[in-house]
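Novice: Below is one structure. I have some questions about it.
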Amino acid sequence: MNLSDITDYTQTLGLQAKQASALMAKAPPALKNKALRQLAELLRGNVGALQLDNAKDIERAVSAGLAAPLVDRLKLTPGVIETCAQGCEQLAAMPDVIGEVIGIRQQPSGIRVGQMRVPIGVFGMVFESRPNVTIEAASLSIKSGNACILRGGSEAIESNRALARLVQQALHLSGLPENAVQLVQTTDRAVVDQLIAMPQYVDLIIPRGGKGLIERISAGAKVPVIKHLDGNCHTYVDEPCDLEMAVRVADNAKTSKYSPCNATESLLVARGVAAVFLPPIAAIYAAKGVEMRCDAEALLLLQTFEQNRALAYAGSALTASYSVANQGLGNAGSAALKLVPAQPSDWFAEYLAPIISIRIVAGVDEAIDHINHYGSHHTDAILTRDHLHAQQFLREVDSASVMVNTSTRFADGFEYGLGAEIGISTDKFHARGPVGIEGLTSLKYVVLGQGEVRG
């Protein structure tokens, strides 16, 4: 397409979405839920056909030399398709929030004032890699009464087209406008530049992908953007804490999966527990191949532990209550620690890899200061037995999700009971944290009267 054709095409998408959004906003819950259940049925009935289209993307990605982990993210396995179908059914079973009126208050004048939850209107979503995002975005859009324009990555174009066809089929069979969910059919990047600059049609843009994509869209958008640039998440081990629990949680927060944005990237440890906490967690990280980038104090402590490991374990409070063997690591205690002096840039880093930065701090105040300075305002956790420290952490850490005594890996729409999520926002306005159905809505004031007039 030339630029003129792209402009016409994008304008058409926008106009069709705007028209569909008016119909979706007044669609009864029964029709929206019918469409979601119909989509689940279509997904299950077309597993073979979807995999044939997906195979084209996989073959092209392999031929282009795409890294194995990225190729893996493209795969529409039967398990991935079933998860998508179940997600649609779960959304269908959830209450409909559109039209809900909250906070009605009687005023001295006699009027009653409240707020009603309504759809955003039209959102555009630009995403990379995983084709299942097409279903996640479409299903949330349907449930929230919006219309959406989806632009997936070129590496998954065949898979996304196949999935979008099923979405539009489900909408049609349920009596809803097919244009309520539209997929951009071209891989030309110029469409994105047009999409993010159409406030007359698009009310919100949601980028989901790498930092470069999100920065580019944020810089060029003429409509509001829900975004997060980094997931530099912290786990702070406080004094006092349950050491066995702290080791278990710090392990899970880092090593259960390295690539998600909610994985812990930086471990902060109170000086009073560092000597008994760091050796066992370091042994676990070493057994799993995690490189530890340490400040000077943590580095010295762990180097000493490495030099005389038997003595360090003999003096550890965790020997009896928590063994690395319980993690299925066998002889984890013998794995060499991967210790590296931390550089200033490490405190800002989102590794998305088996690397973690470690710093010893004086206590909760210094931990909070570190997180608010170096963090990305995504998700941060404190592991503590001190209720006052927990409350201070919850109040003062400036992040979208703040946790006490649990893993940062729980920062997820499904885990929060949202049914699904369209992304995670580290912005402070409109939506913050995992963005589910309510994040795709807005509140408008409603005023109820009985003939009152203002004096």
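Each chain of the structure tokens is named A, B, ... in the order shown, its residues numbered from 1; ligands are numbered from 1 in display order.
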Could you pull out all residues of range 162-293 of chain A with a DSSP call of helix (DSSP H, G or I) and give them as a PyMOL selection string?
Specialist: chain A and resi 162-173+178-180+190-195+211-220+243-255+271-287
Novice: Skip range 129-136 of chain A itself and residues of its chain fewer than 5 positions away, then list as an MDAnalysis selection string all residues within 6 Å of it, counting only C-alpha atoms.
Specialist: chainID A and resid 73:74 153 160
Novice: Once you have the residues from the selection above, write them out as a short mmCIF file (atom, residue, chain, number, x, y, z; two decimals), in the first residue's frame, restricted to C-alpha atoms.
Specialist:
data_model
loop_
_atom_site.label_atom_id
_atom_site.label_comp_id
_atom_site.auth_asym_id
_atom_site.auth_seq_id
_atom_site.Cartn_x
_atom_site.Cartn_y
_atom_site.Cartn_z
CA ARG A 73 5.87 -17.67 21.83
CA LEU A 74 4.26 -17.85 18.39
CA GLY A 153 3.11 -8.44 14.93
CA ASN A 160 -3.95 -13.51 13.93
#
Novice: For range 214-227 of chain A, work out the shell of residues within 9 Å, counting only C-alpha atoms and skipping chain neighbours fewer than 4 positions away, then give it as a PyMOL selection string.
Specialist: chain A and resi 126+192-193+195-199+202-210+423-427+429-432+435
Novice: Measure the distance from CA of Ala420 in chain A to CA of Gly436 in chain A in Å and round it to one decimal.
Specialist: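 Between CA of Ala420 in chain A and CA of Gly436 in chain A the gap works out to 5.9 Å.
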Novice: Would you mind listing, for every residue of range 232-253 of chain A within 9 Å of range 356-370 of chain A, the two atoms forming the shortest contact and the distance between them in Å to one decimal, using only C-alpha atoms, sorted by chain and ascending residue number, as JSON lines?
Specialist:
{"residue": "A:Tyr236", "atom": "CA", "partner": "A:Ala367", "partner_atom": "CA", "distance": 6.8}
{"residue": "A:Val237", "atom": "CA", "partner": "A:Val364", "partner_atom": "CA", "distance": 9.0}
{"residue": "A:Asp238", "atom": "CA", "partner": "A:Val364", "partner_atom": "CA", "distance": 6.7}
{"residue": "A:Glu239", "atom": "CA", "partner": "A:Gly363", "partner_atom": "CA", "distance": 7.2}
Novice: Determine, counting only C-alpha atoms, which protein, DNA and RNA residues have an atom within 7 Å of an atom of Ile120 in chain A; residues of the same chain fewer than 2 positions away are not included. Present the result as a list in words.
Specialist: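 Everything that qualifies: Val118, Val122, Asn146, Asp203, Leu440, Thr441 and Ser442 of chain A.
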Novice: Would you mind exporting the chosen residues as a short mmCIF file (atom, residue, chain, number, x, y, z; two decimals), in the first residue's frame, restricted to C-alpha atoms?
Specialist:
data_model
loop_
_atom_site.label_atom_id
_atom_site.label_comp_id
_atom_site.auth_asym_id
_atom_site.auth_seq_id
_atom_site.Cartn_x
_atom_site.Cartn_y
_atom_site.Cartn_z
CA VAL A 118 -19.61 3.03 30.70
CA VAL A 122 -12.85 2.39 20.72
CA ASN A 146 -16.18 -1.58 23.43
CA ASP A 203 -10.26 6.79 22.38
CA LEU A 440 -11.58 -0.59 29.64
CA THR A 441 -14.41 1.49 31.08
CA SER A 442 -14.90 5.02 32.32
#
Novice: Which neighbours of range 384-397 of chain A fall inside 12 Å, counting only C-alpha atoms, when residues of the same chain fewer than 4 positions from it are skipped, and could you give them as a PDB file with N, CA, C and O atoms, in the first residue's frame?
Specialist:
ATOM      1  N   CYS A 233      10.923  -5.202  38.946  1.00  0.00           N
ATOM      2  CA  CYS A 233      10.214  -5.525  40.179  1.00  0.00           C
ATOM      3  C   CYS A 233      11.200  -5.898  41.289  1.00  0.00           C
ATOM      4  O   CYS A 233      12.236  -6.506  41.021  1.00  0.00           O
ATOM      5  N   HIS A 234      10.838  -5.553  42.523  1.00  0.00           N
ATOM      6  CA  HIS A 234      11.701  -5.793  43.679  1.00  0.00           C
ATOM      7  C   HIS A 234      11.025  -6.709  44.688  1.00  0.00           C
ATOM      8  O   HIS A 234       9.817  -6.624  44.899  1.00  0.00           O
ATOM      9  N   THR A 235      11.844  -7.534  45.335  1.00  0.00           N
ATOM     10  CA  THR A 235      11.434  -8.232  46.549  1.00  0.00           C
ATOM     11  C   THR A 235      12.361  -7.776  47.666  1.00  0.00           C
ATOM     12  O   THR A 235      13.588  -7.871  47.532  1.00  0.00           O
ATOM     13  N   TYR A 236      11.772  -7.264  48.741  1.00  0.00           N
ATOM     14  CA  TYR A 236      12.550  -6.808  49.895  1.00  0.00           C
ATOM     15  C   TYR A 236      12.336  -7.770  51.053  1.00  0.00           C
ATOM     16  O   TYR A 236      11.208  -8.004  51.481  1.00  0.00           O
ATOM     17  N   VAL A 237      13.435  -8.334  51.568  1.00  0.00           N
ATOM     18  CA  VAL A 237      13.398  -9.247  52.707  1.00  0.00           C
ATOM     19  C   VAL A 237      13.706  -8.442  53.956  1.00  0.00           C
ATOM     20  O   VAL A 237      14.814  -7.938  54.137  1.00  0.00           O
ATOM     21  N   ASP A 238      12.716  -8.313  54.816  1.00  0.00           N
ATOM     22  CA  ASP A 238      12.773  -7.416  55.962  1.00  0.00           C
ATOM     23  C   ASP A 238      13.292  -8.139  57.206  1.00  0.00           C
ATOM     24  O   ASP A 238      13.351  -9.368  57.274  1.00  0.00           O
ATOM     25  N   GLU A 239      13.658  -7.336  58.199  1.00  0.00           N
ATOM     26  CA  GLU A 239      13.939  -7.856  59.537  1.00  0.00           C
ATOM     27  C   GLU A 239      12.875  -7.296  60.480  1.00  0.00           C
ATOM     28  O   GLU A 239      12.727  -6.072  60.567  1.00  0.00           O
ATOM     29  N   PRO A 240      12.058  -8.189  61.128  1.00  0.00           N
ATOM     30  CA  PRO A 240      12.132  -9.655  61.105  1.00  0.00           C
ATOM     31  C   PRO A 240      11.302 -10.230  59.961  1.00  0.00           C
ATOM     32  O   PRO A 240      10.404  -9.568  59.442  1.00  0.00           O
ATOM     33  N   CYS A 241      11.597 -11.476  59.590  1.00  0.00           N
ATOM     34  CA  CYS A 241      10.790 -12.168  58.598  1.00  0.00           C
ATOM     35  C   CYS A 241      10.817 -13.658  58.881  1.00  0.00           C
ATOM     36  O   CYS A 241      11.656 -14.143  59.656  1.00  0.00           O
ATOM     37  N   ASP A 242       9.908 -14.375  58.260  1.00  0.00           N
ATOM     38  CA  ASP A 242       9.915 -15.837  58.297  1.00  0.00           C
ATOM     39  C   ASP A 242      10.930 -16.272  57.246  1.00  0.00           C
ATOM     40  O   ASP A 242      10.667 -16.194  56.040  1.00  0.00           O
ATOM     41  N   LEU A 243      12.096 -16.719  57.679  1.00  0.00           N
ATOM     42  CA  LEU A 243      13.187 -16.990  56.740  1.00  0.00           C
ATOM     43  C   LEU A 243      12.851 -18.093  55.750  1.00  0.00           C
ATOM     44  O   LEU A 243      13.182 -18.005  54.564  1.00  0.00           O
ATOM     45  N   GLU A 244      12.214 -19.144  56.226  1.00  0.00           N
ATOM     46  CA  GLU A 244      11.851 -20.230  55.312  1.00  0.00           C
ATOM     47  C   GLU A 244      10.913 -19.721  54.223  1.00  0.00           C
ATOM     48  O   GLU A 244      11.092 -20.012  53.033  1.00  0.00           O
ATOM     49  N   MET A 245       9.898 -18.959  54.635  1.00  0.00           N
ATOM     50  CA  MET A 245       8.968 -18.388  53.670  1.00  0.00           C
ATOM     51  C   MET A 245       9.679 -17.425  52.730  1.00  0.00           C
ATOM     52  O   MET A 245       9.433 -17.400  51.519  1.00  0.00           O
ATOM     53  N   ALA A 246      10.590 -16.615  53.262  1.00  0.00           N
ATOM     54  CA  ALA A 246      11.284 -15.625  52.449  1.00  0.00           C
ATOM     55  C   ALA A 246      12.113 -16.281  51.349  1.00  0.00           C
ATOM     56  O   ALA A 246      12.130 -15.817  50.205  1.00  0.00           O
ATOM     57  N   VAL A 247      12.791 -17.367  51.680  1.00  0.00           N
ATOM     58  CA  VAL A 247      13.571 -18.079  50.674  1.00  0.00           C
ATOM     59  C   VAL A 247      12.651 -18.661  49.607  1.00  0.00           C
ATOM     60  O   VAL A 247      12.915 -18.562  48.400  1.00  0.00           O
ATOM     61  N   VAL A 249       9.628 -17.714  48.691  1.00  0.00           N
ATOM     62  CA  VAL A 249       9.007 -16.684  47.863  1.00  0.00           C
ATOM     63  C   VAL A 249      10.028 -16.015  46.948  1.00  0.00           C
ATOM     64  O   VAL A 249       9.757 -15.775  45.763  1.00  0.00           O
ATOM     65  N   VAL A 269      17.783  -6.855  50.796  1.00  0.00           N
ATOM     66  CA  VAL A 269      17.808  -7.660  52.020  1.00  0.00           C
ATOM     67  C   VAL A 269      18.222  -6.776  53.193  1.00  0.00           C
ATOM     68  O   VAL A 269      19.240  -6.072  53.126  1.00  0.00           O
ATOM     69  N   ALA A 270      17.431  -6.813  54.264  1.00  0.00           N
ATOM     70  CA  ALA A 270      17.780  -6.063  55.468  1.00  0.00           C
ATOM     71  C   ALA A 270      19.065  -6.619  56.066  1.00  0.00           C
ATOM     72  O   ALA A 270      19.270  -7.834  56.118  1.00  0.00           O
ATOM     73  N   VAL A 273      19.197  -9.646  58.574  1.00  0.00           N
ATOM     74  CA  VAL A 273      18.917 -11.038  58.192  1.00  0.00           C
ATOM     75  C   VAL A 273      19.778 -11.505  57.027  1.00  0.00           C
ATOM     76  O   VAL A 273      19.667 -12.654  56.588  1.00  0.00           O
ATOM     77  N   GLY A 363      17.308  -1.169  56.290  1.00  0.00           N
ATOM     78  CA  GLY A 363      15.986  -1.555  56.753  1.00  0.00           C
ATOM     79  C   GLY A 363      14.922  -1.067  55.796  1.00  0.00           C
ATOM     80  O   GLY A 363      15.202  -0.720  54.645  1.00  0.00           O
ATOM     81  N   VAL A 364      13.675  -0.995  56.274  1.00  0.00           N
ATOM     82  CA  VAL A 364      12.547  -0.725  55.391  1.00  0.00           C
ATOM     83  C   VAL A 364      12.617   0.662  54.767  1.00  0.00           C
ATOM     84  O   VAL A 364      12.250   0.842  53.596  1.00  0.00           O
ATOM     85  N   ASP A 365      13.092   1.664  55.492  1.00  0.00           N
ATOM     86  CA  ASP A 365      13.172   3.018  54.931  1.00  0.00           C
ATOM     87  C   ASP A 365      14.100   3.067  53.720  1.00  0.00           C
ATOM     88  O   ASP A 365      13.764   3.641  52.678  1.00  0.00           O
ATOM     89  N   GLU A 366      15.267   2.461  53.858  1.00  0.00           N
ATOM     90  CA  GLU A 366      16.223   2.463  52.744  1.00  0.00           C
ATOM     91  C   GLU A 366      15.705   1.624  51.581  1.00  0.00           C
ATOM     92  O   GLU A 366      15.921   1.966  50.411  1.00  0.00           O
ATOM     93  N   ALA A 367      15.002   0.540  51.884  1.00  0.00           N
ATOM     94  CA  ALA A 367      14.425  -0.287  50.825  1.00  0.00           C
ATOM     95  C   ALA A 367      13.400   0.500  50.023  1.00  0.00           C
ATOM     96  O   ALA A 367      13.387   0.461  48.777  1.00  0.00           O
ATOM     97  N   ILE A 368      12.527   1.216  50.703  1.00  0.00           N
ATOM     98  CA  ILE A 368      11.504   2.015  50.024  1.00  0.00           C
ATOM     99  C   ILE A 368      12.152   3.098  49.164  1.00  0.00           C
ATOM    100  O   ILE A 368      11.751   3.322  48.013  1.00  0.00           O
ATOM    101  N   ASP A 369      13.165   3.774  49.708  1.00  0.00           N
ATOM    102  CA  ASP A 369      13.866   4.806  48.937  1.00  0.00           C
ATOM    103  C   ASP A 369      14.490   4.217  47.682  1.00  0.00           C
ATOM    104  O   ASP A 369      14.427   4.822  46.597  1.00  0.00           O
ATOM    105  N   HIS A 370      15.117   3.038  47.809  1.00  0.00           N
ATOM    106  CA  HIS A 370      15.748   2.382  46.661  1.00  0.00           C
ATOM    107  C   HIS A 370      14.689   2.055  45.595  1.00  0.00           C
ATOM    108  O   HIS A 370      14.878   2.341  44.404  1.00  0.00           O
ATOM    109  N   ILE A 371      13.589   1.455  46.015  1.00  0.00           N
ATOM    110  CA  ILE A 371      12.548   1.045  45.067  1.00  0.00           C
ATOM    111  C   ILE A 371      11.962   2.252  44.338  1.00  0.00           C
ATOM    112  O   ILE A 371      11.797   2.233  43.115  1.00  0.00           O
ATOM    113  N   ASN A 372      11.650   3.299  45.079  1.00  0.00           N
ATOM    114  CA  ASN A 372      11.035   4.465  44.443  1.00  0.00           C
ATOM    115  C   ASN A 372      12.001   5.196  43.513  1.00  0.00           C
ATOM    116  O   ASN A 372      11.570   5.849  42.561  1.00  0.00           O
ATOM    117  N   HIS A 373      13.319   5.079  43.772  1.00  0.00           N
ATOM    118  CA  HIS A 373      14.305   5.736  42.903  1.00  0.00           C
ATOM    119  C   HIS A 373      14.621   4.897  41.663  1.00  0.00           C
ATOM    120  O   HIS A 373      14.645   5.416  40.547  1.00  0.00           O
ATOM    121  N   TYR A 374      14.863   3.600  41.858  1.00  0.00           N
ATOM    122  CA  TYR A 374      15.337   2.755  40.764  1.00  0.00           C
ATOM    123  C   TYR A 374      14.226   1.954  40.079  1.00  0.00           C
ATOM    124  O   TYR A 374      14.401   1.496  38.948  1.00  0.00           O
ATOM    125  N   GLY A 375      13.109   1.756  40.745  1.00  0.00           N
ATOM    126  CA  GLY A 375      12.075   0.876  40.215  1.00  0.00           C
ATOM    127  C   GLY A 375      11.310   1.470  39.055  1.00  0.00           C
ATOM    128  O   GLY A 375      11.445   2.656  38.721  1.00  0.00           O
ATOM    129  N   SER A 376      10.476   0.640  38.447  1.00  0.00           N
ATOM    130  CA  SER A 376       9.680   1.062  37.289  1.00  0.00           C
ATOM    131  C   SER A 376       8.204   1.215  37.653  1.00  0.00           C
ATOM    132  O   SER A 376       7.369   1.314  36.769  1.00  0.00           O
ATOM    133  N   HIS A 377       7.890   1.186  38.955  1.00  0.00           N
ATOM    134  CA  HIS A 377       6.526   1.410  39.441  1.00  0.00           C
ATOM    135  C   HIS A 377       5.570   0.312  38.968  1.00  0.00           C
ATOM    136  O   HIS A 377       4.389   0.563  38.760  1.00  0.00           O
ATOM    137  N   HIS A 378       6.092  -0.880  38.810  1.00  0.00           N
ATOM    138  CA  HIS A 378       5.300  -2.025  38.350  1.00  0.00           C
ATOM    139  C   HIS A 378       4.787  -2.815  39.559  1.00  0.00           C
ATOM    140  O   HIS A 378       3.640  -2.652  39.977  1.00  0.00           O
ATOM    141  N   THR A 379       5.640  -3.666  40.147  1.00  0.00           N
ATOM    142  CA  THR A 379       5.242  -4.531  41.262  1.00  0.00           C
ATOM    143  C   THR A 379       6.408  -4.697  42.216  1.00  0.00           C
ATOM    144  O   THR A 379       7.528  -5.016  41.782  1.00  0.00           O
ATOM    145  N   ASP A 380       6.146  -4.507  43.510  1.00  0.00           N
ATOM    146  CA  ASP A 380       7.193  -4.650  44.513  1.00  0.00           C
ATOM    147  C   ASP A 380       6.597  -5.296  45.761  1.00  0.00           C
ATOM    148  O   ASP A 380       5.445  -5.033  46.130  1.00  0.00           O
ATOM    149  N   SER A 401       1.336  -2.250  41.783  1.00  0.00           N
ATOM    150  CA  SER A 401       0.993  -3.337  42.692  1.00  0.00           C
ATOM    151  C   SER A 401       2.033  -3.386  43.800  1.00  0.00           C
ATOM    152  O   SER A 401       3.239  -3.407  43.521  1.00  0.00           O
ATOM    153  N   VAL A 402       1.570  -3.404  45.050  1.00  0.00           N
ATOM    154  CA  VAL A 402       2.465  -3.503  46.200  1.00  0.00           C
ATOM    155  C   VAL A 402       1.992  -4.683  47.040  1.00  0.00           C
ATOM    156  O   VAL A 402       0.806  -4.792  47.357  1.00  0.00           O
ATOM    157  N   MET A 403       2.919  -5.575  47.400  1.00  0.00           N
ATOM    158  CA  MET A 403       2.551  -6.859  47.986  1.00  0.00           C
ATOM    159  C   MET A 403       3.229  -7.083  49.327  1.00  0.00           C
ATOM    160  O   MET A 403       4.324  -6.570  49.572  1.00  0.00           O
ATOM    161  N   VAL A 404       2.589  -7.885  50.150  1.00  0.00           N
ATOM    162  CA  VAL A 404       3.149  -8.285  51.434  1.00  0.00           C
ATOM    163  C   VAL A 404       3.170  -9.820  51.496  1.00  0.00           C
ATOM    164  O   VAL A 404       2.148 -10.473  51.294  1.00  0.00           O
ATOM    165  N   ASN A 405       4.355 -10.376  51.739  1.00  0.00           N
ATOM    166  CA  ASN A 405       4.541 -11.810  51.976  1.00  0.00           C
ATOM    167  C   ASN A 405       4.020 -12.699  50.854  1.00  0.00           C
ATOM    168  O   ASN A 405       3.383 -13.727  51.092  1.00  0.00           O
ATOM    169  N   THR A 406       4.286 -12.300  49.620  1.00  0.00           N
ATOM    170  CA  THR A 406       3.944 -13.151  48.488  1.00  0.00           C
ATOM    171  C   THR A 406       4.812 -12.772  47.290  1.00  0.00           C
ATOM    172  O   THR A 406       5.543 -11.787  47.303  1.00  0.00           O
TER     173      THR A 406
END
Novice: In terms of the shortest atom-to-atom distance over only C-alpha atoms, which of A:Phe348, A:Glu155, A:Lys338, A:Ser174 is closest to Gly65 in chain A?
Specialist: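 Going through A:Phe348, A:Glu155, A:Lys338, A:Ser174 one by one, the smallest distance to Gly65 in chain A is for A:Glu155.
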Novice: Taking only C-alpha atoms into account, name the residue in A:Met116, A:Tyr416, A:Ala180, A:Glu82 that is nearest to Leu42 in chain A.
Specialist: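 Answer, going by the shortest atom-to-atom distance: A:Glu82.
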Novice: Residues near Thr186 in chain A, anyone? I mean within 12 Å using only C-alpha atoms, not counting same-chain ones fewer than 2 positions away, as a ChimeraX atom specification.
Specialist: /A:1-2,5-6,9-10,150-158,160-161,182-184,188-192
Novice: Would you save the residues of that selection, restricted to N, CA, C and O atoms, as a compact mmCIF listing (two decimals), in the first residue's frame?
Specialist:
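Once written, part-v3.txt looks like this:
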# COMPACT_ATOMS: atom_id res chain seq x y z
N MET A 1 0.83 -1.20 0.00
CA MET A 1 0.00 0.00 0.00
C MET A 1 0.87 1.26 0.00
O MET A 1 1.89 1.29 0.67
N ASN A 2 0.42 2.27 -0.76
CA ASN A 2 1.09 3.57 -0.64
C ASN A 2 0.45 4.33 0.51
O ASN A 2 -0.55 3.90 1.10
N ASP A 5 -3.29 5.08 0.29
CA ASP A 5 -4.12 3.89 0.51
C ASP A 5 -4.16 3.53 1.99
O ASP A 5 -5.21 3.14 2.52
N ILE A 6 -3.01 3.65 2.65
CA ILE A 6 -2.95 3.33 4.08
C ILE A 6 -3.82 4.29 4.88
O ILE A 6 -4.55 3.88 5.80
N TYR A 9 -7.40 3.31 4.29
CA TYR A 9 -7.70 2.05 4.96
C TYR A 9 -7.86 2.25 6.47
O TYR A 9 -8.82 1.76 7.08
N THR A 10 -6.94 3.00 7.08
CA THR A 10 -6.99 3.22 8.52
C THR A 10 -8.20 4.05 8.91
O THR A 10 -8.85 3.79 9.93
N LEU A 150 -7.18 -4.12 16.29
CA LEU A 150 -6.01 -4.87 16.74
C LEU A 150 -4.95 -4.91 15.65
O LEU A 150 -5.24 -5.21 14.50
N ARG A 151 -3.72 -4.62 16.05
CA ARG A 151 -2.60 -4.71 15.11
C ARG A 151 -1.53 -5.59 15.74
O ARG A 151 -0.79 -5.17 16.62
N GLY A 152 -1.49 -6.86 15.31
CA GLY A 152 -0.50 -7.79 15.82
C GLY A 152 0.80 -7.70 15.07
O GLY A 152 0.94 -6.98 14.07
N GLY A 153 1.80 -8.44 15.56
CA GLY A 153 3.11 -8.44 14.93
C GLY A 153 3.09 -9.16 13.59
O GLY A 153 2.31 -10.09 13.38
N SER A 154 3.96 -8.73 12.69
CA SER A 154 4.02 -9.34 11.36
C SER A 154 4.39 -10.81 11.43
O SER A 154 4.01 -11.60 10.57
N GLU A 155 5.12 -11.20 12.50
CA GLU A 155 5.55 -12.59 12.62
C GLU A 155 4.39 -13.54 12.89
O GLU A 155 4.51 -14.75 12.72
N ALA A 156 3.22 -13.01 13.28
CA ALA A 156 2.06 -13.86 13.61
C ALA A 156 0.85 -13.52 12.76
O ALA A 156 -0.28 -13.82 13.13
N ILE A 157 1.07 -12.94 11.58
CA ILE A 157 -0.03 -12.41 10.80
C ILE A 157 -1.05 -13.48 10.39
O ILE A 157 -2.26 -13.26 10.45
N GLU A 158 -0.59 -14.65 9.98
CA GLU A 158 -1.53 -15.70 9.54
C GLU A 158 -2.36 -16.21 10.71
O GLU A 158 -3.57 -16.42 10.59
N ASN A 160 -3.04 -14.57 13.50
CA ASN A 160 -3.95 -13.51 13.93
C ASN A 160 -5.15 -13.37 13.00
O ASN A 160 -6.28 -13.14 13.45
N ARG A 161 -4.91 -13.51 11.72
CA ARG A 161 -6.03 -13.43 10.77
C ARG A 161 -7.02 -14.56 11.01
O ARG A 161 -8.24 -14.34 10.99
N GLN A 182 -11.81 -5.58 14.85
CA GLN A 182 -11.18 -5.56 13.54
C GLN A 182 -9.68 -5.78 13.68
O GLN A 182 -9.04 -5.19 14.57
N LEU A 183 -9.13 -6.61 12.83
CA LEU A 183 -7.69 -6.83 12.78
C LEU A 183 -7.11 -6.08 11.60
O LEU A 183 -7.64 -6.18 10.48
N VAL A 184 -6.05 -5.35 11.82
CA VAL A 184 -5.33 -4.70 10.72
C VAL A 184 -4.73 -5.80 9.84
O VAL A 184 -3.96 -6.63 10.32
N ASP A 188 2.23 -3.35 7.27
CA ASP A 188 2.90 -2.06 7.07
C ASP A 188 2.84 -1.23 8.36
O ASP A 188 1.76 -0.98 8.91
N ARG A 189 3.99 -0.80 8.87
CA ARG A 189 4.05 -0.06 10.13
C ARG A 189 3.38 1.31 10.03
O ARG A 189 3.04 1.91 11.06
N ALA A 190 3.22 1.80 8.82
CA ALA A 190 2.60 3.12 8.67
C ALA A 190 1.18 3.13 9.21
O ALA A 190 0.67 4.18 9.63
N VAL A 191 0.53 1.97 9.23
CA VAL A 191 -0.83 1.89 9.77
C VAL A 191 -0.83 2.25 11.26
O VAL A 191 -1.74 2.92 11.75
N VAL A 192 0.19 1.81 11.97
CA VAL A 192 0.28 2.12 13.40
C VAL A 192 0.39 3.62 13.61
O VAL A 192 -0.27 4.19 14.49
Novice: May I ask for the distance between CA of Tyr445 in chain A and CA of Val113 in chain A, given in Å to one decimal place?
Specialist: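 Distance reported for this atom pair: 7.0 Å.
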Novice: From a DSSP pass on the backbone, collect the residues of range 227-287 of chain A flagged as strand (DSSP E) and hand them back as a VMD selection string.
Specialist: chain A and resid 233 to 237 264 to 270
Novice: Between A:Ala381, A:Leu300, A:Leu140, A:Cys148, single out the one closest to Gly413 in chain A, counting only C-alpha atoms.
Specialist: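 So, comparing all the options, the nearest one is A:Leu140.
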Novice: Do you know which residues are at most 10 Å from Cys261 in chain A counting only C-alpha atoms, after dropping those on the same chain fewer than 3 positions away, and could you put them as a list in words?
Specialist: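 Near Cys261 in chain A, the qualifying residues are His228, Leu229, Asp230, Gly231, Asn232, Cys233, Lys257, Tyr258, Thr264, Glu265, Glu350, Tyr351, Leu352, His378, Thr379, Thr408, Arg409, Ala411, Asp412 and Ile424 of chain A.
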